[in-house]
$ cat data34.csv   # CSV, C-alpha atoms and all ligand atoms
chain,number,residue,atom,x,y,z
A,1,MET,CA,-13.6,22.8,-17.3
A,2,ALA,CA,-12.0,20.9,-20.1
A,3,ASP,CA,-14.0,18.5,-22.2
A,4,ARG,CA,-11.3,15.8,-22.5
A,5,ILE,CA,-10.2,14.8,-19.0
A,6,PRO,CA,-7.6,12.2,-18.2
A,7,GLN,CA,-8.8,8.9,-16.7
A,8,HIS,CA,-5.6,8.5,-14.7
A,9,ILE,CA,-3.7,11.5,-13.1
A,10,ALA,CA,-0.5,11.0,-11.1
A,11,PHE,CA,0.9,13.6,-8.8
A,12,ILE,CA,4.6,14.1,-7.8
A,13,MET,CA,3.7,16.0,-4.7
A,14,ASP,CA,6.9,18.1,-4.3
A,15,GLY,CA,7.7,21.2,-2.3
A,16,ASN,CA,6.5,20.5,1.2
A,17,GLY,CA,9.9,21.3,2.7
A,18,ARG,CA,10.3,24.6,0.8
A,19,TRP,CA,6.8,25.6,1.7
A,20,ALA,CA,7.5,25.2,5.4
A,21,LEU,CA,10.9,26.8,5.3
A,22,SER,CA,9.6,29.8,3.4
A,23,LYS,CA,7.2,30.4,6.4
A,24,GLY,CA,9.9,29.9,9.0
A,25,LEU,CA,8.3,26.5,9.9
A,26,GLN,CA,9.8,23.0,10.3
A,27,ARG,CA,9.8,20.7,7.3
A,28,SER,CA,7.5,18.3,9.1
A,29,ILE,CA,4.8,21.0,9.2
A,30,GLY,CA,5.1,21.2,5.4
A,31,HIS,CA,4.3,17.5,5.2
A,32,LYS,CA,1.3,17.9,7.4
A,33,TYR,CA,-0.1,20.6,5.1
A,34,GLY,CA,0.8,18.4,2.2
A,35,ILE,CA,-1.7,15.8,3.6
A,36,LYS,CA,-4.4,18.5,3.7
A,37,ALA,CA,-3.6,19.3,0.0
A,38,LEU,CA,-3.8,15.6,-0.8
A,39,LYS,CA,-7.2,15.3,0.9
A,40,ARG,CA,-8.6,18.3,-1.1
A,41,THR,CA,-7.1,17.0,-4.3
A,42,PHE,CA,-8.5,13.5,-3.8
A,43,GLN,CA,-11.9,15.1,-3.5
A,44,TYR,CA,-11.5,17.2,-6.7
A,45,VAL,CA,-10.1,14.3,-8.7
A,46,PHE,CA,-12.8,11.8,-7.9
A,47,ASP,CA,-15.6,14.5,-8.1
A,48,LEU,CA,-14.5,15.1,-11.7
A,49,GLY,CA,-15.1,11.4,-12.5
A,50,ILE,CA,-11.4,10.6,-12.9
A,51,LYS,CA,-11.0,6.9,-12.2
A,52,TYR,CA,-7.4,6.5,-11.2
A,53,MET,CA,-5.3,8.8,-9.0
A,54,SER,CA,-1.6,8.0,-8.2
A,55,ILE,CA,0.5,9.8,-5.7
A,56,TYR,CA,4.2,9.8,-5.0
A,57,ALA,CA,4.3,9.9,-1.2
A,58,LEU,CA,7.8,8.6,-0.5
A,59,SER,CA,10.6,7.5,-2.8
A,60,LYS,CA,13.1,4.9,-1.8
A,61,GLU,CA,15.8,7.6,-2.2
A,62,ASN,CA,14.0,9.8,0.3
A,63,LEU,CA,15.2,7.3,3.0
A,64,LYS,CA,18.5,9.2,2.8
A,65,ARG,CA,16.8,12.0,4.7
A,66,PRO,CA,17.1,12.4,8.5
A,67,LYS,CA,15.3,9.7,10.5
A,68,GLU,CA,12.9,12.2,12.1
A,69,GLU,CA,11.6,13.4,8.8
A,70,ILE,CA,11.0,9.8,7.6
A,71,GLN,CA,9.2,9.0,10.9
A,72,THR,CA,7.0,12.0,10.4
A,73,ILE,CA,6.1,10.9,6.9
A,74,MET,CA,5.4,7.3,8.0
A,75,GLY,CA,3.2,8.6,10.8
A,76,LEU,CA,1.3,10.8,8.3
A,77,LEU,CA,0.7,7.8,6.0
A,78,ASP,CA,-0.7,5.9,9.0
A,79,GLU,CA,-3.1,8.8,9.8
A,80,TYR,CA,-4.0,9.3,6.2
A,81,ILE,CA,-5.0,5.7,5.8
A,82,ASP,CA,-7.1,5.9,9.0
A,83,SER,CA,-8.9,9.1,8.0
A,84,SER,CA,-9.4,8.2,4.3
A,85,LEU,CA,-10.6,4.6,4.6
A,86,PRO,CA,-14.2,5.6,5.2
A,87,ASP,CA,-14.1,7.7,2.0
A,88,LEU,CA,-12.6,4.9,0.0
A,89,LEU,CA,-15.2,2.5,1.2
A,90,LYS,CA,-18.1,4.9,0.7
A,91,ASN,CA,-17.0,5.8,-2.8
A,92,LYS,CA,-15.9,2.3,-3.8
A,93,ILE,CA,-12.3,3.2,-4.4
A,94,ARG,CA,-9.7,0.5,-4.3
A,95,LEU,CA,-6.4,1.3,-2.5
A,96,ASN,CA,-3.3,0.1,-4.2
A,97,ILE,CA,0.3,0.5,-2.9
A,98,MET,CA,3.4,0.6,-5.0
A,99,GLY,CA,6.6,0.1,-3.0
A,100,ASP,CA,8.1,-1.7,-0.1
A,101,ILE,CA,5.9,-1.2,3.0
A,102,SER,CA,8.1,-3.6,5.1
A,103,ILE,CA,9.7,-0.4,6.5
A,104,LEU,CA,6.5,0.4,8.4
A,105,ASN,CA,6.1,-0.8,12.0
A,106,ASP,CA,3.9,-3.9,12.4
A,107,PHE,CA,0.9,-1.9,13.5
A,108,SER,CA,0.9,0.5,10.5
A,109,ARG,CA,1.8,-2.2,8.0
A,110,GLU,CA,-1.1,-4.3,9.3
A,111,LYS,CA,-3.4,-1.3,8.9
A,112,VAL,CA,-2.3,-0.7,5.3
A,113,ASN,CA,-2.8,-4.5,4.6
A,114,GLN,CA,-6.2,-4.4,6.1
A,115,ALA,CA,-7.2,-1.3,4.0
A,116,LEU,CA,-5.9,-3.1,0.9
A,117,LYS,CA,-8.1,-6.1,1.8
A,118,ASP,CA,-11.2,-4.0,2.6
A,119,THR,CA,-11.1,-2.3,-0.7
A,120,ALA,CA,-9.8,-5.1,-2.9
A,121,SER,CA,-13.2,-5.9,-4.5
A,122,PHE,CA,-13.7,-2.4,-5.9
A,123,THR,CA,-12.9,-2.4,-9.6
A,124,ASP,CA,-13.9,1.0,-11.0
A,125,ARG,CA,-11.7,3.5,-9.2
A,126,VAL,CA,-8.3,3.3,-7.7
A,127,LEU,CA,-6.2,5.4,-5.3
A,128,ASN,CA,-2.6,4.3,-6.0
A,129,ILE,CA,0.0,5.3,-3.4
A,130,ALA,CA,3.8,5.1,-4.2
A,131,PHE,CA,5.5,4.7,-0.8
A,132,ASN,CA,9.2,3.8,-0.3
A,133,TYR,CA,9.0,3.4,-4.1
A,134,SER,CA,11.6,3.2,-6.8
A,135,GLY,CA,10.6,2.9,-10.5
A,136,ARG,CA,13.8,1.1,-11.3
A,137,ASP,CA,13.4,-1.4,-8.4
A,138,GLU,CA,9.8,-2.0,-9.5
A,139,ILE,CA,10.9,-3.1,-13.0
A,140,ILE,CA,13.7,-5.4,-11.5
A,141,ARG,CA,11.2,-6.8,-9.0
A,142,ALA,CA,8.7,-7.6,-11.8
A,143,VAL,CA,11.4,-9.4,-13.8
A,144,ASN,CA,12.5,-11.4,-10.8
A,145,LEU,CA,8.9,-12.4,-10.0
A,146,ALA,CA,8.3,-13.5,-13.6
A,147,VAL,CA,11.5,-15.5,-13.6
A,148,LYS,CA,10.5,-17.2,-10.4
A,149,GLU,CA,7.2,-18.1,-12.0
A,150,GLY,CA,9.2,-20.0,-14.6
A,151,HIS,CA,9.1,-17.5,-17.5
A,152,LYS,CA,12.3,-17.8,-19.6
A,153,GLU,CA,11.5,-14.8,-21.8
A,154,LEU,CA,9.3,-11.8,-21.0
A,155,ASN,CA,7.1,-9.6,-23.1
A,156,GLN,CA,5.2,-6.4,-22.2
A,157,ASP,CA,2.1,-8.3,-21.0
A,158,ILE,CA,4.0,-10.6,-18.7
A,159,LEU,CA,6.1,-7.7,-17.3
A,160,GLU,CA,3.1,-5.5,-16.7
A,161,LYS,CA,1.3,-8.2,-14.7
A,162,HIS,CA,4.1,-8.1,-12.2
A,163,LEU,CA,4.4,-4.4,-11.8
A,164,TYR,CA,2.9,-2.9,-8.7
A,165,SER,CA,0.5,-1.1,-11.0
A,166,ALA,CA,-0.9,-4.3,-12.6
A,167,GLY,CA,-4.5,-3.8,-13.7
A,168,ILE,CA,-4.2,0.0,-13.6
A,169,PRO,CA,-3.9,1.9,-17.0
A,170,ASP,CA,-0.8,4.1,-17.5
A,171,PRO,CA,-1.1,7.6,-16.2
A,172,ASP,CA,-2.4,10.0,-18.9
A,173,LEU,CA,-1.2,13.0,-17.0
A,174,ILE,CA,1.6,13.4,-14.5
A,175,ILE,CA,1.6,16.6,-12.5
A,176,ARG,CA,4.7,17.7,-10.6
A,177,THR,CA,4.6,20.7,-8.3
A,178,SER,CA,7.3,23.0,-6.9
A,179,GLY,CA,9.0,23.8,-10.2
A,180,GLU,CA,11.3,20.8,-10.5
A,181,GLN,CA,11.1,19.3,-14.0
A,182,ARG,CA,12.1,15.7,-13.5
A,183,ILE,CA,10.6,12.3,-12.9
A,184,SER,CA,12.7,11.3,-9.8
A,185,ASN,CA,12.3,7.6,-10.4
A,186,PHE,CA,8.5,7.7,-10.5
A,187,MET,CA,6.5,5.2,-12.6
A,188,LEU,CA,9.4,4.9,-15.2
A,189,TYR,CA,7.7,2.0,-17.1
A,190,GLN,CA,4.2,3.4,-17.0
A,191,SER,CA,5.1,7.0,-17.9
A,192,ALA,CA,6.3,6.1,-21.5
A,193,TYR,CA,3.5,8.2,-23.1
A,194,SER,CA,2.2,10.2,-20.2
A,195,GLU,CA,1.7,13.9,-20.7
A,196,LEU,CA,3.8,15.9,-18.2
A,197,TYR,CA,2.7,19.1,-16.5
A,198,PHE,CA,5.0,21.1,-14.2
A,199,THR,CA,3.8,23.9,-12.0
A,200,LYS,CA,5.8,26.2,-9.7
A,201,THR,CA,3.0,25.9,-7.0
A,202,LEU,CA,4.4,24.1,-3.9
A,203,TRP,CA,2.4,21.0,-3.1
A,204,PRO,CA,0.7,22.4,0.2
A,205,ASP,CA,-0.7,25.3,-2.0
A,206,PHE,CA,-2.1,22.9,-4.6
A,207,SER,CA,-5.7,24.0,-5.3
A,208,LYS,CA,-8.6,23.3,-7.5
A,209,LYS,CA,-7.4,26.1,-9.8
A,210,THR,CA,-4.0,24.5,-10.2
A,211,LEU,CA,-5.7,21.1,-11.0
A,212,GLU,CA,-8.0,22.8,-13.6
A,213,ALA,CA,-5.0,24.5,-15.2
A,214,ALA,CA,-3.3,21.2,-15.6
A,215,ILE,CA,-6.3,19.4,-17.0
A,216,ASN,CA,-6.9,22.3,-19.4
A,217,SER,CA,-3.4,22.0,-20.6
A,218,TYR,CA,-3.8,18.3,-21.0
A,219,SER,CA,-7.1,18.6,-22.9
A,220,ASN,CA,-5.3,20.8,-25.5
A,221,ARG,CA,-2.5,18.4,-26.2
A,222,HIS,CA,-2.3,16.1,-29.2
A,223,ARG,CA,-1.3,12.6,-28.1
A,224,LYS,CA,0.1,10.6,-31.0
A,225,PHE,CA,1.7,7.6,-29.4
A,226,GLY,CA,4.1,7.5,-32.3
A,227,ASP,CA,1.5,7.7,-35.0
A,228,ILE,CA,1.3,10.6,-37.5
A,229,LYS,CA,-2.4,11.4,-36.9
B,1,LIG,C1,7.8,16.3,-1.2
B,1,LIG,O1,8.3,17.5,-0.6
B,1,LIG,C2,7.4,15.3,-0.2
B,1,LIG,C3,8.4,14.2,-0.1
B,1,LIG,C4,9.5,14.0,-0.9
B,1,LIG,C5,8.2,13.2,0.9
B,1,LIG,P1,9.8,17.7,-0.3
B,1,LIG,O2,10.0,17.2,1.1
B,1,LIG,O3,10.7,17.0,-1.3
B,1,LIG,O4,9.9,19.2,-0.4
B,1,LIG,P2,11.1,20.1,-0.9
B,1,LIG,O5,11.5,19.6,-2.3
B,1,LIG,O6,12.3,19.8,0.0
B,1,LIG,O7,10.7,21.5,-0.9
B,2,LIG,C1,10.2,13.1,-5.3
B,2,LIG,O1,10.5,14.3,-4.8
B,2,LIG,C2,9.6,12.2,-4.3
B,2,LIG,C3,8.3,12.6,-3.8
B,2,LIG,C4,7.6,13.6,-4.2
B,2,LIG,C5,7.7,11.7,-2.8
B,2,LIG,P1,12.0,14.6,-4.2
B,2,LIG,O2,11.9,15.9,-3.6
B,2,LIG,O3,12.5,13.5,-3.4
B,2,LIG,O4,12.8,14.6,-5.6
B,2,LIG,P2,14.3,15.2,-5.9
B,2,LIG,O5,15.2,14.7,-4.9
B,2,LIG,O6,14.1,16.7,-5.9
B,2,LIG,O7,14.6,14.7,-7.3
B,3,MG,MG,11.5,17.7,-3.0
$ encode --input "data34.csv" --output "structure tokens"
Amino acid sequence: MADRIPQHIAFIMDGNGRWALSKGLQRSIGHKYGIKALKRTFQYVFDLGIKYMSIYALSKENLKRPKEEIQTIMGLLDEYIDSSLPDLLKNKIRLNIMGDISILNDFSREKVNQALKDTASFTDRVLNIAFNYSGRDEIIRAVNLAVKEGHKELNQDILEKHLYSAGIPDPDLIIRTSGEQRISNFMLYQSAYSELYFTKTLWPDFSKKTLEAAINSYSNRHRKFGDIK
């Protein structure tokens, strides 16, 4: 395993639909297996001592999809929160949500809010879930919040305090599965200097090996942040 590991890895978990269709299954089955991949990956990431893990679970633009698919994904988030909360508590991992969860039904939204409260005191490690999220909307929301607070002019510090990711360092490494090489409105502000890794592996097939390949690639990169060193 690589010596230099990222402290924050973000995943654009793509390819659930194609994984299912390639097996003659419905897209919803792909999302179910996507959750299994997520649970495995959660374990690998935190076992490696990585402190922050972000995942793109649903984009705002995904709401264009058929209602049934969105319902399936909302149901899976609900189940995921239920089944993962004990792990978050046991390992002192704070849950953070980026996005507008008002689309959830009262019961699920309350469950998410409760999980946010139950883990709020943990400071060392974070699981950050982007749900009904748009990177552009996040920036606009942050500006509006700051203006409402009375700021007449913003700087990076003020803006960052109003992002959903406030208090979480920028992702060092963003991994996108399924062969697509784009950001699709994910963490636009935070990804300014993130290293990007694209793999053809479809998300439900994501394994420890895929993760290690990505981290190895990361560890061999030279991050300069604009400098010449
Ligand atoms: C990613 O898989 C999960 C979500 C967007 C919710 P997709 O559902 O986009 O899978 P493909 O891209 O259609 O294969
Ligand atoms: C991005 O994947 C959103 C998530 C992984 C949740 P999409 O499958 O929605 O992205 P596009 O439409 O291919 O850009
Ligand atoms: Mg996709």
$ closest_residue --input "data34.csv" --among "A:Leu159, A:Pro6, A:Lys111, A:Ile12" --to "A:Arg182" --atoms "only C-alpha atoms"
A:Ile12
$ residues_near_ligand --input "data34.csv" --ligand "ligand MG 3 (chain B)" --cutoff "12 Å" --atoms "all atoms listed in the file" --output "ChimeraX atom specification"
/A:12-20,27,30-31,34,56-59,61-62,65,176-184,202-203
$ residues_around --input "data34.csv" --residues "A:Ile35" --least-positions-apart "2" --cutoff "9 Å" --atoms "only C-alpha atoms" --output "PyMOL selection string"
chain A and resi 30-33+37-40+76-77+80+204
$ closest_residue --input "data34.csv" --among "A:His162, A:Lys36, A:His151, A:Lys90" --to "A:Ile139" --atoms "only C-alpha atoms"
A:His162
$ closest_residue --input "data34.csv" --among "A:Leu25, A:Ile73, A:Met53, A:Leu116" --to "ligand LIG 1 (chain B)" --atoms "all atoms listed in the file"
A:Ile73
$ atom_distance --input "data34.csv" --atom1 "atom CA of A:Tyr189" --atom2 "atom O2 of ligand LIG 2 (chain B)"
19.8 Å
$ atom_distance --input "data34.csv" --atom1 "atom CA of A:Ser28" --atom2 "atom P1 of ligand LIG 1 (chain B)"
9.7 Å
$ residues_near_point --input "data34.csv" --point "(-0.4, 26.8, -8.3)" --cutoff "10 Å" --atoms "only C-alpha atoms" --output "list in words"
Thr177, Ser178, Phe198, Thr199, Lys200, Thr201, Leu202, Trp203, Pro204, Asp205, Phe206, Ser207, Lys208, Lys209, Thr210, Leu211, Ala213 and Ala214 of chain A
$ residues_around --input "data34.csv" --residues "A:Asp87" --least-positions-apart "6" --cutoff "10 Å" --atoms "only C-alpha atoms" --output "list in words"
Phe42, Gln43 and Ile93 of chain A
$ atom_distance --input "data34.csv" --atom1 "atom CA of A:Leu88" --atom2 "atom C4 of ligand LIG 2 (chain B)"
22.4 Å
$ closest_residue --input "data34.csv" --among "A:Asp47, A:Asp106, A:Glu153, A:Glu69" --to "ligand LIG 1 (chain B)" --atoms "all atoms listed in the file"
A:Glu69
$ residues_around --input "data34.csv" --residues "A:Ile129" --least-positions-apart "6" --cutoff "8 Å" --atoms "all atoms listed in the file" --output "PDB file with C-alpha atoms, in the coordinates of the input"
ATOM      1  CA  SER A  54      -1.600   8.000  -8.200  1.00  0.00           C
ATOM      2  CA  ILE A  55       0.500   9.800  -5.700  1.00  0.00           C
ATOM      3  CA  TYR A  56       4.200   9.800  -5.000  1.00  0.00           C
ATOM      4  CA  ALA A  57       4.300   9.900  -1.200  1.00  0.00           C
ATOM      5  CA  LEU A  95      -6.400   1.300  -2.500  1.00  0.00           C
ATOM      6  CA  ASN A  96      -3.300   0.100  -4.200  1.00  0.00           C
ATOM      7  CA  ILE A  97       0.300   0.500  -2.900  1.00  0.00           C
ATOM      8  CA  MET A  98       3.400   0.600  -5.000  1.00  0.00           C
TER       9      MET A  98
END
$ residues_around --input "data34.csv" --residues "A:Lys92" --least-positions-apart "6" --cutoff "10 Å" --atoms "only C-alpha atoms" --output "PDB file with C-alpha atoms, in the frame of the given file"
ATOM      1  CA  PRO A  86     -14.200   5.600   5.200  1.00  0.00           C
ATOM      2  CA  THR A 119     -11.100  -2.300  -0.700  1.00  0.00           C
ATOM      3  CA  ALA A 120      -9.800  -5.100  -2.900  1.00  0.00           C
ATOM      4  CA  SER A 121     -13.200  -5.900  -4.500  1.00  0.00           C
ATOM      5  CA  PHE A 122     -13.700  -2.400  -5.900  1.00  0.00           C
ATOM      6  CA  THR A 123     -12.900  -2.400  -9.600  1.00  0.00           C
ATOM      7  CA  ASP A 124     -13.900   1.000 -11.000  1.00  0.00           C
ATOM      8  CA  ARG A 125     -11.700   3.500  -9.200  1.00  0.00           C
ATOM      9  CA  VAL A 126      -8.300   3.300  -7.700  1.00  0.00           C
TER      10      VAL A 126
END
$ closest_residue --input "data34.csv" --among "A:Ser84, A:Asn105, A:Asn128, A:Asn220" --to "A:Lys51" --atoms "only C-alpha atoms"
A:Asn128
$ closest_residue --input "data34.csv" --among "A:Leu188, A:Ala142, A:Leu63, A:Ala115" --to "ligand LIG 2 (chain B)" --atoms "only C-alpha atoms and all ligand atoms"
A:Leu63
$ residues_around --input "data34.csv" --residues "A:His8" --least-positions-apart "5" --cutoff "10 Å" --atoms "only C-alpha atoms" --output "list in words"
Val45, Ile50, Lys51, Tyr52, Met53, Ser54, Arg125, Val126, Leu127, Ile168, Pro169, Asp170, Pro171, Asp172, Leu173, Ile174 and Ser194 of chain A
$ residues_near_point --input "data34.csv" --point "(12.1, 1.3, -2.4)" --cutoff "8 Å" --atoms "only C-alpha atoms" --output "list of chain:residue names"
A:Ser59, A:Lys60, A:Glu61, A:Gly99, A:Asp100, A:Phe131, A:Asn132, A:Tyr133, A:Ser134, A:Asp137
$ build_atoms --input "data34.csv" --residues "stretch 83-94 of chain A" --atoms "all heavy atoms" --output "CSV table (one decimal), in the coordinates of the input"
chain,number,residue,atom,x,y,z
A,83,SER,N,-7.9,8.1,8.2
A,83,SER,CA,-8.9,9.1,8.0
A,83,SER,C,-9.5,8.9,6.6
A,83,SER,O,-10.6,9.4,6.4
A,83,SER,CB,-8.4,10.5,8.2
A,83,SER,OG,-7.3,10.7,7.3
A,84,SER,N,-8.8,8.3,5.7
A,84,SER,CA,-9.4,8.2,4.3
A,84,SER,C,-10.2,6.9,4.1
A,84,SER,O,-10.9,6.9,3.1
A,84,SER,CB,-8.3,8.3,3.3
A,84,SER,OG,-7.6,9.5,3.5
A,85,LEU,N,-9.9,5.9,4.9
A,85,LEU,CA,-10.6,4.6,4.6
A,85,LEU,C,-12.1,4.7,4.5
A,85,LEU,O,-12.7,4.2,3.5
A,85,LEU,CB,-10.2,3.6,5.7
A,85,LEU,CG,-10.6,2.1,5.4
A,85,LEU,CD1,-10.1,1.6,4.0
A,85,LEU,CD2,-10.2,1.2,6.5
A,86,PRO,N,-12.8,5.5,5.4
A,86,PRO,CA,-14.2,5.6,5.2
A,86,PRO,C,-14.6,6.2,3.8
A,86,PRO,O,-15.6,5.7,3.2
A,86,PRO,CB,-14.7,6.6,6.3
A,86,PRO,CG,-13.6,6.5,7.3
A,86,PRO,CD,-12.3,6.2,6.6
A,87,ASP,N,-13.8,7.2,3.3
A,87,ASP,CA,-14.1,7.7,2.0
A,87,ASP,C,-13.9,6.7,0.9
A,87,ASP,O,-14.6,6.7,-0.1
A,87,ASP,CB,-13.2,8.9,1.7
A,87,ASP,CG,-13.6,10.2,2.4
A,87,ASP,OD1,-14.8,10.2,2.8
A,87,ASP,OD2,-12.8,11.1,2.6
A,88,LEU,N,-12.8,5.9,1.0
A,88,LEU,CA,-12.6,4.9,0.0
A,88,LEU,C,-13.7,3.9,0.0
A,88,LEU,O,-14.2,3.5,-1.1
A,88,LEU,CB,-11.2,4.2,0.3
A,88,LEU,CG,-10.0,5.1,0.2
A,88,LEU,CD1,-8.7,4.3,0.7
A,88,LEU,CD2,-9.7,5.6,-1.2
A,89,LEU,N,-14.2,3.5,1.1
A,89,LEU,CA,-15.2,2.5,1.2
A,89,LEU,C,-16.5,3.1,0.7
A,89,LEU,O,-17.2,2.4,-0.2
A,89,LEU,CB,-15.4,2.0,2.7
A,89,LEU,CG,-14.3,1.2,3.2
A,89,LEU,CD1,-14.4,1.0,4.7
A,89,LEU,CD2,-14.1,-0.1,2.5
A,90,LYS,N,-16.8,4.3,1.1
A,90,LYS,CA,-18.1,4.9,0.7
A,90,LYS,C,-18.2,5.1,-0.8
A,90,LYS,O,-19.2,4.9,-1.5
A,90,LYS,CB,-18.2,6.3,1.4
A,90,LYS,CG,-19.6,6.9,1.2
A,90,LYS,CD,-19.7,8.2,2.1
A,90,LYS,CE,-19.6,9.4,1.1
A,90,LYS,NZ,-19.1,10.6,1.7
A,91,ASN,N,-17.0,5.5,-1.4
A,91,ASN,CA,-17.0,5.8,-2.8
A,91,ASN,C,-16.5,4.6,-3.7
A,91,ASN,O,-16.3,4.8,-4.9
A,91,ASN,CB,-16.1,7.0,-3.1
A,91,ASN,CG,-16.7,8.3,-2.5
A,91,ASN,OD1,-17.8,8.7,-2.8
A,91,ASN,ND2,-16.0,8.8,-1.5
A,92,LYS,N,-16.4,3.5,-3.1
A,92,LYS,CA,-15.9,2.3,-3.8
A,92,LYS,C,-14.6,2.5,-4.5
A,92,LYS,O,-14.5,2.2,-5.7
A,92,LYS,CB,-17.0,1.7,-4.7
A,92,LYS,CG,-18.3,1.3,-4.0
A,92,LYS,CD,-19.1,0.5,-4.9
A,92,LYS,CE,-20.3,-0.2,-4.4
A,92,LYS,NZ,-20.8,0.1,-3.1
A,93,ILE,N,-13.6,3.0,-3.8
A,93,ILE,CA,-12.3,3.2,-4.4
A,93,ILE,C,-11.3,2.2,-3.9
A,93,ILE,O,-11.2,2.1,-2.6
A,93,ILE,CB,-11.8,4.7,-4.2
A,93,ILE,CG1,-12.8,5.7,-4.8
A,93,ILE,CG2,-10.4,4.9,-4.7
A,93,ILE,CD1,-12.6,7.1,-4.4
A,94,ARG,N,-10.7,1.5,-4.8
A,94,ARG,CA,-9.7,0.5,-4.3
A,94,ARG,C,-8.4,1.2,-4.0
A,94,ARG,O,-7.9,2.1,-4.7
A,94,ARG,CB,-9.5,-0.5,-5.4
A,94,ARG,CG,-8.4,-1.6,-5.1
A,94,ARG,CD,-8.5,-2.8,-6.0
A,94,ARG,NE,-8.0,-2.5,-7.4
A,94,ARG,CZ,-6.8,-2.5,-7.8
A,94,ARG,NH1,-5.8,-2.8,-7.0
A,94,ARG,NH2,-6.5,-2.3,-9.1
